[in-house]
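Notes follow the structure.
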Amino acid sequence: FSESYFSLVNETLFYQEGYQHPRVVDIQLTNSVFLSEKIYKPLACKHPFVVVGVNTTLQHLRKFGYKTFDKWIDESYDLEPDDDTRMDMVLAEVKRLCALSHDEWQVIITEMVPTLQHNFDVLCRAKNLMPANLNLMELFRNNNPY
């Protein structure tokens, strides 16, 4: 997290309509959103992210009180129902983000700080996600996750 500008979160579920190449790999289709530990890692580390997941993953995350990064990241992929098109949109946005300069990222990250802190605070209040003896505030004190 300390050596990258954003995370690419590959969520557990992605395909929901139909996989074009059924003989290559057995894909289970779904019409539900599943938020796993993968999405909570960048939230805990105050790191912006792009999600590779079923459509409306970000929309569901917002329902839990989290803020996403639509001011800085094109999140239109989240509303795309076609799986392959959604993947293409994610890849295009990742390429765009990777092409930004260090100076551009410094401005963006500075602007994101309130959103990143908000998400961290929401996560810390989500008692049902945490083991009883885990204190995230202590664990990440001084912005050091290790």
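Residues in the structure tokens are named by chain (A, B, ... in the order shown) and by number from 1 within that chain; ligands are numbered from 1 in the order shown.
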Compile the contact shell of stretch 36-50 of chain A as a ChimeraX atom specification: residues with an atom at most 8 Å away, counting only C-alpha atoms, same-chain residues fewer than 2 positions apart removed. /A:1,5-12,34,52,69,73,75,90,94,116-117,119-120,123,136,140,143,145
Excluding stretch 63-67 of chain A and any residue of its chain fewer than 2 positions from it, enumerate the residues within 7 Å of it, using only C-alpha atoms, and give them as a ChimeraX atom specification. /A:59-61,69,115,119,122
Write the residues you've just listed into a file as an mmCIF file, in the first residue's frame, and include N, CA, C and O atoms for each of them.
data_model
loop_
_atom_site.group_PDB
_atom_site.id
_atom_site.type_symbol
_atom_site.label_atom_id
_atom_site.label_comp_id
_atom_site.auth_asym_id
_atom_site.auth_seq_id
_atom_site.Cartn_x
_atom_site.Cartn_y
_atom_site.Cartn_z
ATOM 1 N N GLN A 59 -21.848 0.594 -5.595
ATOM 2 C CA GLN A 59 -23.150 1.084 -5.147
ATOM 3 C C GLN A 59 -23.526 0.441 -3.798
ATOM 4 O O GLN A 59 -23.997 1.117 -2.884
ATOM 5 N N HIS A 60 -23.293 -0.850 -3.658
ATOM 6 C CA HIS A 60 -23.583 -1.540 -2.409
ATOM 7 C C HIS A 60 -22.637 -1.083 -1.293
ATOM 8 O O HIS A 60 -23.050 -0.946 -0.146
ATOM 9 N N LEU A 61 -21.397 -0.845 -1.628
ATOM 10 C CA LEU A 61 -20.443 -0.353 -0.640
ATOM 11 C C LEU A 61 -20.911 0.998 -0.074
ATOM 12 O O LEU A 61 -20.825 1.239 1.137
ATOM 13 N N PHE A 69 -14.570 6.918 -5.007
ATOM 14 C CA PHE A 69 -13.619 7.901 -5.512
ATOM 15 C C PHE A 69 -14.018 8.472 -6.869
ATOM 16 O O PHE A 69 -13.168 8.768 -7.705
ATOM 17 N N THR A 115 -11.893 11.565 2.286
ATOM 18 C CA THR A 115 -12.641 10.365 1.893
ATOM 19 C C THR A 115 -11.976 9.112 2.456
ATOM 20 O O THR A 115 -12.653 8.217 2.983
ATOM 21 N N ASN A 119 -13.703 6.564 5.219
ATOM 22 C CA ASN A 119 -13.855 5.121 5.017
ATOM 23 C C ASN A 119 -13.199 4.326 6.140
ATOM 24 O O ASN A 119 -13.752 3.322 6.613
ATOM 25 N N VAL A 122 -15.508 4.558 9.132
ATOM 26 C CA VAL A 122 -16.686 3.694 8.966
ATOM 27 C C VAL A 122 -16.302 2.239 9.218
ATOM 28 O O VAL A 122 -17.014 1.507 9.906
#
Residue nearest A:Tyr77 - candidates A:Asp103, A:Glu111, A:Glu93, A:Asp121, atoms counted: only C-alpha atoms: A:Glu93
What is the distance, in Å and to one decimal place, between atom CA of A:Lys71 and atom CA of A:Val54? 21.2 Å
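Restricting the calculation to only C-alpha atoms, the smallest distance between A:Gly53 and any of A:Ile109, A:Lys95, A:Phe14, A:Arg125 is found for A:Phe14.
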Can you list, as a ChimeraX atom specification, all residues belonging to stretch 67-99 of chain A that DSSP tags as alpha helix (DSSP H)? /A:83-98
Serialized selection, N, CA and C atoms, as a compact mmCIF listing (two decimals), in the first residue's frame:
# COMPACT_ATOMS: atom_id res chain seq x y z
N ASP A 83 -20.71 -8.14 -18.47
CA ASP A 83 -19.46 -8.50 -17.79
C ASP A 83 -18.21 -8.14 -18.58
N ASP A 84 -18.18 -8.52 -19.85
CA ASP A 84 -16.99 -8.26 -20.66
C ASP A 84 -16.78 -6.77 -20.88
N THR A 85 -17.84 -6.03 -21.09
CA THR A 85 -17.72 -4.58 -21.25
C THR A 85 -17.23 -3.95 -19.96
N ARG A 86 -17.76 -4.41 -18.81
CA ARG A 86 -17.33 -3.90 -17.52
C ARG A 86 -15.83 -4.14 -17.32
N MET A 87 -15.36 -5.32 -17.69
CA MET A 87 -13.93 -5.61 -17.56
C MET A 87 -13.11 -4.67 -18.44
N ASP A 88 -13.56 -4.44 -19.67
CA ASP A 88 -12.85 -3.51 -20.57
C ASP A 88 -12.81 -2.11 -19.98
N MET A 89 -13.91 -1.68 -19.36
CA MET A 89 -13.97 -0.36 -18.74
C MET A 89 -13.01 -0.25 -17.56
N VAL A 90 -12.94 -1.30 -16.76
CA VAL A 90 -12.01 -1.32 -15.63
C VAL A 90 -10.58 -1.21 -16.14
N LEU A 91 -10.24 -2.02 -17.14
CA LEU A 91 -8.88 -2.00 -17.69
C LEU A 91 -8.52 -0.63 -18.27
N ALA A 92 -9.45 -0.01 -18.95
CA ALA A 92 -9.20 1.33 -19.52
C ALA A 92 -8.94 2.34 -18.41
N GLU A 93 -9.70 2.27 -17.34
CA GLU A 93 -9.50 3.21 -16.23
C GLU A 93 -8.19 2.95 -15.51
N VAL A 94 -7.82 1.69 -15.33
CA VAL A 94 -6.54 1.38 -14.70
C VAL A 94 -5.39 1.91 -15.55
N LYS A 95 -5.48 1.75 -16.85
CA LYS A 95 -4.43 2.28 -17.74
C LYS A 95 -4.34 3.79 -17.61
N ARG A 96 -5.50 4.46 -17.54
CA ARG A 96 -5.49 5.92 -17.40
C ARG A 96 -4.85 6.32 -16.08
N LEU A 97 -5.21 5.64 -15.01
CA LEU A 97 -4.65 5.97 -13.70
C LEU A 97 -3.14 5.72 -13.65
N CYS A 98 -2.70 4.65 -14.28
CA CYS A 98 -1.27 4.33 -14.30
C CYS A 98 -0.47 5.34 -15.11
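Atom CA of A:Leu58 is positioned 15.5 Å from atom CA of A:His118.
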Quick one: pull the distance between atom CA of A:Ser2 and atom CA of A:Ser76, Å, one decimal. 26.7 Å
